[in-house]
>>> print(open('data05.txt').read())   # compact mmCIF, C-alpha atoms and all ligand atoms
# COMPACT_ATOMS: atom_id res chain seq x y z
CA MET K 1 7.17 24.62 -14.19
CA LYS K 2 6.59 24.42 -10.47
CA ILE K 3 8.24 22.05 -8.10
CA ALA K 4 5.96 21.18 -5.22
CA ALA K 5 7.35 20.33 -1.83
CA LEU K 6 7.23 16.64 -1.10
CA SER K 7 4.68 15.91 1.56
CA VAL K 8 4.50 12.44 2.97
CA ALA K 9 1.58 10.74 4.63
CA ILE K 10 0.96 7.23 5.84
CA ILE K 11 -2.34 5.94 4.52
CA THR K 12 -4.33 2.89 5.37
CA ALA K 13 -6.82 1.90 2.73
CA SER K 14 -9.34 -0.89 2.72
CA PRO K 15 -11.07 -1.07 -0.65
CA SER K 16 -14.43 -2.74 -0.85
CA ASN K 17 -13.21 -5.54 -3.09
CA VAL K 18 -10.71 -7.05 -0.65
CA PRO K 19 -11.44 -8.79 2.64
CA ALA K 20 -11.34 -6.44 5.64
CA ALA K 21 -8.53 -8.52 7.13
CA SER K 22 -6.16 -7.56 4.35
CA VAL K 23 -5.75 -3.90 5.22
CA LEU K 24 -3.35 -2.12 2.90
CA ASN K 25 -0.37 -0.29 4.24
CA ALA K 26 1.35 2.15 1.97
CA GLN K 27 3.20 5.41 2.17
CA ALA K 28 1.59 8.01 -0.12
CA ILE K 29 3.95 10.50 -1.76
CA PRO K 30 2.70 13.18 -4.18
CA VAL K 31 4.97 13.46 -7.22
CA VAL K 32 5.17 16.28 -9.73
CA LEU K 33 6.90 17.04 -12.99
CA ASN K 34 10.23 18.81 -13.04
CA GLU K 35 12.29 19.99 -15.97
CA THR K 36 15.08 17.47 -15.43
CA MET K 37 12.78 14.59 -16.35
CA PRO K 38 13.19 13.41 -19.97
CA TYR K 39 10.46 14.81 -22.28
CA ALA K 40 9.02 17.03 -19.49
CA SER K 41 9.42 20.09 -21.71
CA PHE K 42 6.91 18.60 -24.21
CA SER K 43 4.08 18.79 -21.64
CA VAL K 44 1.73 21.79 -21.60
CA ILE K 45 -0.44 20.84 -18.57
CA HIS K 46 1.51 19.80 -15.50
CA SER K 47 0.47 21.77 -12.43
CA GLY K 48 -1.10 18.67 -10.85
CA ALA K 49 0.44 15.86 -8.81
CA ALA K 50 0.23 12.10 -9.14
CA MET K 51 0.39 9.91 -6.01
CA LEU K 52 3.06 7.30 -5.47
CA TYR K 53 2.02 4.56 -3.02
CA VAL K 54 5.05 2.83 -1.58
CA ASN K 55 4.11 -0.60 -0.30
CA GLN K 56 4.86 -1.21 3.38
CA LEU K 57 3.78 -4.86 3.53
CA PRO K 58 6.36 -7.54 4.40
CA THR K 59 5.55 -8.99 0.96
CA ALA K 60 6.45 -5.74 -0.87
CA ASN K 61 8.13 -6.65 -4.18
CA GLY K 62 9.68 -3.31 -5.13
CA ILE K 63 7.90 -3.16 -8.51
CA THR K 64 5.94 0.02 -9.25
CA VAL K 65 2.95 -0.12 -11.58
CA CYS K 66 1.60 3.16 -12.96
CA VAL K 67 -2.20 3.03 -13.06
CA ASN K 68 -3.45 5.81 -15.31
CA ALA K 69 -7.21 6.40 -15.28
CA GLY K 70 -7.78 7.76 -18.78
CA HIS K 71 -9.06 11.32 -19.35
CA GLY K 72 -10.04 13.59 -16.44
CA THR K 73 -8.06 16.77 -17.13
CA LYS K 74 -10.18 19.93 -17.24
CA GLY K 75 -9.21 22.07 -20.23
CA GLY K 76 -7.18 19.23 -21.73
CA GLU K 77 -9.19 19.25 -24.94
CA SER K 78 -8.34 22.83 -25.81
CA GLN K 79 -4.57 22.35 -25.67
CA LYS K 80 -2.19 20.38 -27.84
CA THR K 81 1.13 18.62 -27.47
CA LEU K 82 3.52 17.28 -30.11
CA SER K 83 2.28 13.85 -31.23
CA HIS K 84 5.89 12.61 -31.30
CA PRO K 85 8.99 13.96 -29.56
CA ASP K 86 10.80 14.29 -32.91
CA GLY K 87 7.97 16.39 -34.39
CA SER K 88 6.93 13.75 -36.95
CA PRO K 89 3.21 13.26 -37.75
CA LYS K 90 0.96 10.56 -36.32
CA VAL K 91 1.06 7.35 -38.33
CA THR K 92 -2.47 6.13 -37.49
CA GLY K 93 -5.77 7.73 -36.58
CA GLY K 94 -7.30 7.78 -33.10
CA THR K 95 -8.71 10.70 -31.12
CA THR K 96 -6.31 12.76 -33.24
CA SER K 97 -6.17 11.97 -37.00
CA ALA K 98 -3.27 10.37 -38.82
CA GLY K 99 -0.86 12.98 -40.17
CA ALA K 100 -1.32 15.38 -37.29
CA VAL K 101 1.90 16.80 -35.87
CA LYS K 102 0.06 17.89 -32.73
CA SER K 103 -2.43 15.89 -30.65
CA THR K 104 -5.08 16.82 -28.10
CA ALA K 105 -3.30 17.20 -24.72
CA VAL K 106 -5.98 15.10 -22.96
CA SER K 107 -9.28 14.25 -24.64
CA GLY K 108 -12.54 14.24 -22.71
CA GLY K 109 -13.34 10.57 -23.26
CA MET K 110 -16.66 9.03 -24.26
CA THR K 111 -19.99 8.62 -22.48
CA PHE K 112 -21.41 5.12 -21.96
CA SER K 113 -24.78 4.29 -23.48
CA ASP K 114 -26.33 4.70 -20.01
CA GLY K 115 -24.97 8.24 -19.65
CA VAL K 116 -22.05 7.51 -17.35
CA SER K 117 -18.72 9.06 -18.34
CA GLU K 118 -15.74 6.93 -19.38
CA ALA K 119 -13.54 9.12 -17.16
CA SER K 120 -15.54 8.21 -14.03
CA VAL K 121 -15.59 4.48 -14.83
CA ALA K 122 -11.86 4.50 -15.60
CA LEU K 123 -11.24 6.12 -12.21
CA LYS K 124 -13.34 3.53 -10.41
CA GLU K 125 -11.44 0.75 -12.18
CA ALA K 126 -8.11 2.38 -11.32
CA VAL K 127 -8.97 2.53 -7.62
CA ILE K 128 -9.97 -1.15 -7.59
CA LEU K 129 -6.78 -2.15 -9.42
CA LYS K 130 -4.69 -0.06 -7.03
CA GLY K 131 -6.14 -2.02 -4.08
CA LEU K 132 -5.36 -5.37 -5.69
CA LEU K 133 -1.84 -4.31 -6.62
CA LEU K 134 -1.02 -2.97 -3.16
CA ASN K 135 -2.39 -6.14 -1.60
CA SER K 136 -0.16 -8.17 -3.91
CA GLY K 137 2.99 -6.30 -2.86
CA TYR K 138 3.34 -3.79 -5.71
CA ASN K 139 3.94 -0.07 -5.34
CA VAL K 140 1.40 1.95 -7.31
CA LEU K 141 1.73 5.28 -9.07
CA MET K 142 -1.81 6.66 -9.33
CA ILE K 143 -1.98 9.35 -12.02
CA ARG K 144 -5.45 10.50 -11.03
CA GLU K 145 -7.57 9.91 -7.92
CA GLY K 146 -10.27 12.49 -8.53
CA ALA K 147 -12.39 13.82 -11.40
CA ASP K 148 -9.65 16.24 -12.47
CA VAL K 149 -5.87 16.13 -12.45
CA GLN K 150 -3.91 18.80 -14.26
CA LEU K 151 -1.52 16.42 -16.01
CA ASP K 152 -1.62 15.98 -19.77
CA ASN K 153 -0.83 12.70 -21.52
CA VAL K 154 2.83 13.71 -21.91
CA ALA K 155 3.13 14.63 -18.20
CA ARG K 156 1.44 11.39 -17.15
CA THR K 157 3.93 9.47 -19.27
CA VAL K 158 6.95 11.42 -17.98
CA LEU K 159 5.94 10.64 -14.38
CA ALA K 160 5.38 6.98 -15.18
CA ASN K 161 8.79 6.84 -16.89
CA LYS K 162 10.40 8.31 -13.78
CA TYR K 163 8.67 6.34 -11.02
CA ALA K 164 7.27 3.11 -12.45
CA GLN K 165 8.37 -0.13 -14.14
CA CYS K 166 5.27 -0.23 -16.35
CA HIS K 167 2.47 2.14 -17.36
CA ILE K 168 -1.11 0.99 -17.89
CA SER K 169 -3.80 3.46 -18.91
CA LEU K 170 -7.42 2.37 -18.54
CA HIS K 171 -9.99 3.20 -21.20
CA TRP K 172 -13.23 2.09 -22.83
CA ASP K 173 -13.64 2.57 -26.58
CA SER K 174 -16.18 4.85 -28.30
CA THR K 175 -17.98 2.14 -30.30
CA ALA K 176 -21.31 0.82 -28.97
CA SER K 177 -21.19 -2.87 -29.97
CA ASN K 178 -19.87 -4.37 -26.72
CA LYS K 179 -16.97 -5.61 -28.81
CA GLY K 180 -14.70 -6.60 -25.93
CA ALA K 181 -11.25 -5.62 -24.71
CA PHE K 182 -8.10 -4.93 -26.72
CA TYR K 183 -4.85 -3.09 -26.20
CA CYS K 184 -3.36 -0.40 -28.41
CA LYS K 185 -0.38 -2.05 -30.05
CA VAL K 186 2.53 -0.01 -31.31
CA PRO K 187 1.93 0.51 -35.08
CA SER K 188 4.14 -1.53 -37.39
CA ASN K 189 5.41 1.56 -39.18
CA PRO K 190 9.19 1.36 -39.71
CA SER K 191 9.97 5.04 -39.15
CA TYR K 192 7.77 5.19 -36.05
CA LYS K 193 9.39 2.10 -34.59
CA ALA K 194 12.83 3.56 -35.35
CA MET K 195 12.10 6.73 -33.33
CA GLU K 196 13.26 6.88 -29.71
CA PRO K 197 11.97 6.15 -27.18
CA VAL K 198 9.57 3.89 -29.16
CA ARG K 199 12.52 1.98 -30.66
CA SER K 200 13.69 0.91 -27.19
CA THR K 201 10.30 0.10 -25.67
CA TRP K 202 7.81 -1.08 -28.28
CA ALA K 203 8.59 -4.80 -27.93
CA MET K 204 8.18 -4.69 -24.13
CA SER K 205 4.98 -2.66 -24.46
CA ASP K 206 3.50 -5.19 -26.86
CA LEU K 207 4.51 -8.03 -24.53
CA LEU K 208 2.84 -6.25 -21.59
CA GLY K 209 -0.29 -5.78 -23.72
CA GLU K 210 -0.36 -9.47 -24.65
CA ASN K 211 -0.04 -10.44 -20.97
CA LEU K 212 -2.88 -8.10 -19.96
CA ILE K 213 -5.16 -9.53 -22.65
CA SER K 214 -4.34 -13.07 -21.63
CA GLY K 215 -5.08 -12.17 -17.98
CA LEU K 216 -8.43 -10.69 -19.01
CA ARG K 217 -9.16 -13.80 -21.07
CA THR K 218 -8.38 -15.97 -18.02
CA ALA K 219 -10.83 -13.86 -16.00
CA GLY K 220 -13.50 -14.61 -18.60
CA ARG K 221 -13.63 -11.18 -20.19
CA LYS K 222 -14.73 -10.77 -23.78
CA ILE K 223 -11.76 -9.99 -26.05
CA HIS K 224 -12.04 -8.08 -29.35
CA GLY K 225 -10.50 -9.94 -32.30
CA THR K 226 -6.85 -10.76 -31.68
CA GLY K 227 -6.85 -8.53 -28.58
CA SER K 228 -4.90 -5.69 -30.11
CA MET K 229 -5.27 -2.80 -32.54
CA GLU K 230 -2.38 -0.75 -33.95
CA ILE K 231 -2.81 2.83 -32.73
CA ASP K 232 -0.23 5.62 -32.52
CA LEU K 233 -0.65 7.26 -29.11
CA THR K 234 1.05 10.10 -27.28
CA GLN K 235 1.52 7.73 -24.34
CA THR K 236 3.55 5.13 -26.24
CA SER K 237 5.35 7.82 -28.26
CA TYR K 238 6.96 9.19 -25.07
CA SER K 239 7.30 6.00 -22.98
CA THR K 240 10.72 4.81 -21.87
CA ILE K 241 9.14 1.92 -19.94
CA PRO K 242 6.70 -0.79 -21.10
CA SER K 243 3.48 1.10 -21.65
CA VAL K 244 -0.01 0.08 -22.71
CA ASP K 245 -3.31 1.83 -23.32
CA ILE K 246 -5.92 -0.89 -22.74
CA GLU K 247 -9.50 -0.51 -23.95
CA LEU K 248 -11.53 -2.63 -21.53
CA GLY K 249 -14.73 -2.60 -23.57
CA ASP K 250 -16.86 0.11 -25.12
CA LYS K 251 -19.98 2.25 -24.62
CA ALA K 252 -22.21 -0.82 -24.45
CA SER K 253 -20.08 -2.80 -21.99
CA ASP K 254 -21.17 -3.73 -18.49
CA HIS K 255 -19.43 -1.41 -16.03
CA SER K 256 -21.08 -2.67 -12.84
CA ASP K 257 -18.96 -3.12 -9.70
CA ALA K 258 -18.89 -6.86 -10.39
CA ALA K 259 -17.58 -6.30 -13.93
CA LEU K 260 -14.97 -3.78 -12.77
CA ASN K 261 -13.75 -6.13 -10.02
CA ASN K 262 -13.52 -8.98 -12.51
CA ILE K 263 -11.58 -6.81 -14.97
CA ALA K 264 -9.16 -5.75 -12.20
CA MET K 265 -8.52 -9.41 -11.34
CA GLY K 266 -7.76 -10.10 -15.00
CA LEU K 267 -5.37 -7.13 -15.19
CA LEU K 268 -3.60 -8.28 -12.00
CA THR K 269 -3.16 -11.75 -13.50
CA GLY K 270 -1.64 -10.15 -16.60
CA ILE K 271 0.68 -7.89 -14.58
CA ASN K 272 1.82 -10.85 -12.46
CA SER K 273 2.58 -12.91 -15.52
CA TYR K 274 4.45 -10.01 -17.20
CA PHE K 275 6.70 -9.69 -14.15
CA GLY K 276 7.03 -13.49 -13.79
CA ARG K 277 5.20 -13.61 -10.47
ZN ZN Y 1 -10.50 6.72 -23.42
>>> encode(input="data05.txt", output="structure tokens")
Amino acid sequence: MKIAALSVAIITASPSNVPAASVLNAQAIPVVLNETMPYASFSVIHSGAAMLYVNQLPTANGITVCVNAGHGTKGGESQKTLSHPDGSPKVTGGTTSAGAVKSTAVSGGMTFSDGVSEASVALKEAVILKGLLLNSGYNVLMIREGADVQLDNVARTVLANKYAQCHISLHWDSTASNKGAFYCKVPSNPSYKAMEPVRSTWAMSDLLGENLISGLRTAGRKIHGTGSMEIDLTQTSYSTIPSVDIELGDKASDHSDAALNNIAMGLLTGINSYFGR
């Protein structure tokens, strides 16, 4: 495991979705995995760095949100990590089937009906959300800011656990019915819910998920069913902080700039309400 030197840079960003007057000021600090971090030894891909943006606005609130653009790790599909830290098998299906002791380190993600990759749309959404969060006073941990980051799902989660107060990964589902958004709720399986760190975090993760869905609903987004589906994920299996994988639509969903901006507003509303702001 390599420990990269900390390099610090002051960045000024002005995303297209915010008025030019509200220029963002943040200190950008690359962060990497090290072996002292809980569960770091379960990661198999961790040579990359995430970027921690420390808010410099007078309105900075000291809360760090991890924004994890799903997928985007070259070679991630050919490696595996333990589905659960205690070595027990997955309790539901997903990208990796129920019963599997090991899961794909990072899957490739789907392709929208119009040929655009989920990974690229998730990244675009993450960048928009980052702008809104920084403008609102949050610090942001960006897991990925390019097409490829060498951090598997375990490493992403370990970094979020270390640096953030909540972890939100952005995805679109692989169906093609434009079924709407939902979050992956922690499965109601007694042994899974009794396993740490799930035991200590599942209730907060579900509450965060409910807040995100209600924010999206407020923004006018289409919601699938009750807004949640029980899925056993590597992310929630290793999270020591409230952690949600949110599926913002599927292959048939509108992923225009207008839609992505609207979704980001909904997510911000949900994050604000979760933190009582
Ligand atoms: Zn996905």
>>> residues_around(input="data05.txt", residues="region 152-158 of chain K", least_positions_apart="3", cutoff="8 Å", atoms="all atoms listed in the file", output="PyMOL selection string")
chain K and resi 33+37-40+42-46+68+73+76+81+105-106+143+161-162+167+234-235+238-239
>>> closest_residue(input="data05.txt", among="K:Pro58, K:Gly48, K:Pro197, K:Pro187", to="Gly93 (chain K)", atoms="all atoms listed in the file")
K:Pro187
>>> residues_around(input="data05.txt", residues="Asp173 (chain K)", least_positions_apart="4", cutoff="9 Å", atoms="all atoms listed in the file", output="PyMOL selection string")
chain K and resi 109-110+118+181+247-251
>>> residues_near_ligand(input="data05.txt", ligand="ligand ZN 1 (chain Y)", cutoff="9 Å", atoms="all atoms listed in the file", output="number ranges by chain")
K: 69-71, 95, 107-110, 118-119, 122, 169-174, 245-247
>>> residues_around(input="data05.txt", residues="region 255-261 of chain K", least_positions_apart="4", cutoff="9 Å", atoms="only C-alpha atoms", output="PDB file with C-alpha atoms, keeping the file's coordinate frame")
ATOM      1  CA  ASN K  17     -13.210  -5.540  -3.090  1.00  0.00           C
ATOM      2  CA  VAL K 121     -15.590   4.480 -14.830  1.00  0.00           C
ATOM      3  CA  LYS K 124     -13.340   3.530 -10.410  1.00  0.00           C
ATOM      4  CA  GLU K 125     -11.440   0.750 -12.180  1.00  0.00           C
ATOM      5  CA  ILE K 128      -9.970  -1.150  -7.590  1.00  0.00           C
ATOM      6  CA  LEU K 129      -6.780  -2.150  -9.420  1.00  0.00           C
ATOM      7  CA  ARG K 221     -13.630 -11.180 -20.190  1.00  0.00           C
ATOM      8  CA  GLY K 249     -14.730  -2.600 -23.570  1.00  0.00           C
ATOM      9  CA  MET K 265      -8.520  -9.410 -11.340  1.00  0.00           C
ATOM     10  CA  GLY K 266      -7.760 -10.100 -15.000  1.00  0.00           C
TER      11      GLY K 266
END
>>> closest_residue(input="data05.txt", among="K:Pro242, K:Gly146, K:Gly137, K:Gly180", to="Ser200 (chain K)", atoms="all atoms listed in the file")
K:Pro242
>>> atom_distance(input="data05.txt", atom1="CA of Gln150 (chain K)", atom2="CA of Ser237 (chain K)")
20.1 Å
>>> axis_aligned_box(input="data05.txt", around="region 121-140 of chain K", padding_each_side="4 Å", output="lines of an AutoDock Vina configuration file")
center_x = -5.8
center_y = -1.0
center_z = -8.6
size_x = 27.5
size_y = 22.3
size_z = 22.0
>>> atom_distance(input="data05.txt", atom1="CA of Leu57 (chain K)", atom2="CA of Leu141 (chain K)")
16.3 Å
>>> atom_distance(input="data05.txt", atom1="CA of Ile29 (chain K)", atom2="CA of Tyr53 (chain K)")
6.4 Å
>>> closest_residue(input="data05.txt", among="K:Lys80, K:Ala60, K:Met142, K:Lys74", to="Ala28 (chain K)", atoms="all atoms listed in the file")
K:Met142
>>> residues_near_point(input="data05.txt", point="(0.8, 14.9, -5.7)", cutoff="7 Å", atoms="all atoms listed in the file", output="compact mmCIF listing (two decimals) with C-alpha atoms, in the coordinates of the input")
# COMPACT_ATOMS: atom_id res chain seq x y z
CA ILE K 29 3.95 10.50 -1.76
CA PRO K 30 2.70 13.18 -4.18
CA VAL K 31 4.97 13.46 -7.22
CA VAL K 32 5.17 16.28 -9.73
CA GLY K 48 -1.10 18.67 -10.85
CA ALA K 49 0.44 15.86 -8.81
CA ALA K 50 0.23 12.10 -9.14
CA MET K 51 0.39 9.91 -6.01
>>> closest_residue(input="data05.txt", among="K:Thr240, K:Ser113, K:Asn189, K:Ser205", to="Val91 (chain K)", atoms="only C-alpha atoms")
K:Asn189
>>> residues_around(input="data05.txt", residues="Ser83 (chain K)", least_positions_apart="6", cutoff="9 Å", atoms="only C-alpha atoms", output="list in words")
Pro89, Lys90, Thr96, Ala100, Val101, Lys102, Ser103, Thr104, Asp232, Leu233, Thr234 and Ser237 of chain K
>>> write_last_selection(input="data05.txt", atoms="C-alpha atoms", output="PDB file, in the coordinates of the input")
ATOM      1  CA  PRO K  89       3.210  13.260 -37.750  1.00  0.00           C
ATOM      2  CA  LYS K  90       0.960  10.560 -36.320  1.00  0.00           C
ATOM      3  CA  THR K  96      -6.310  12.760 -33.240  1.00  0.00           C
ATOM      4  CA  ALA K 100      -1.320  15.380 -37.290  1.00  0.00           C
ATOM      5  CA  VAL K 101       1.900  16.800 -35.870  1.00  0.00           C
ATOM      6  CA  LYS K 102       0.060  17.890 -32.730  1.00  0.00           C
ATOM      7  CA  SER K 103      -2.430  15.890 -30.650  1.00  0.00           C
ATOM      8  CA  THR K 104      -5.080  16.820 -28.100  1.00  0.00           C
ATOM      9  CA  ASP K 232      -0.230   5.620 -32.520  1.00  0.00           C
ATOM     10  CA  LEU K 233      -0.650   7.260 -29.110  1.00  0.00           C
ATOM     11  CA  THR K 234       1.050  10.100 -27.280  1.00  0.00           C
ATOM     12  CA  SER K 237       5.350   7.820 -28.260  1.00  0.00           C
TER      13      SER K 237
END
>>> closest_residue(input="data05.txt", among="K:Leu267, K:Thr59, K:Lys179, K:Thr64", to="Ala160 (chain K)", atoms="all atoms listed in the file")
K:Thr64
>>> residues_around(input="data05.txt", residues="Asn139 (chain K)", least_positions_apart="3", cutoff="8 Å", atoms="only C-alpha atoms", output="list of chain:residue names")
K:Leu52, K:Tyr53, K:Val54, K:Asn55, K:Ala60, K:Asn61, K:Gly62, K:Ile63, K:Thr64, K:Val65, K:Leu133, K:Leu134
>>> closest_residue(input="data05.txt", among="K:Pro190, K:Gly115, K:Gly94, K:Gly227", to="Gly215 (chain K)", atoms="only C-alpha atoms")
K:Gly227
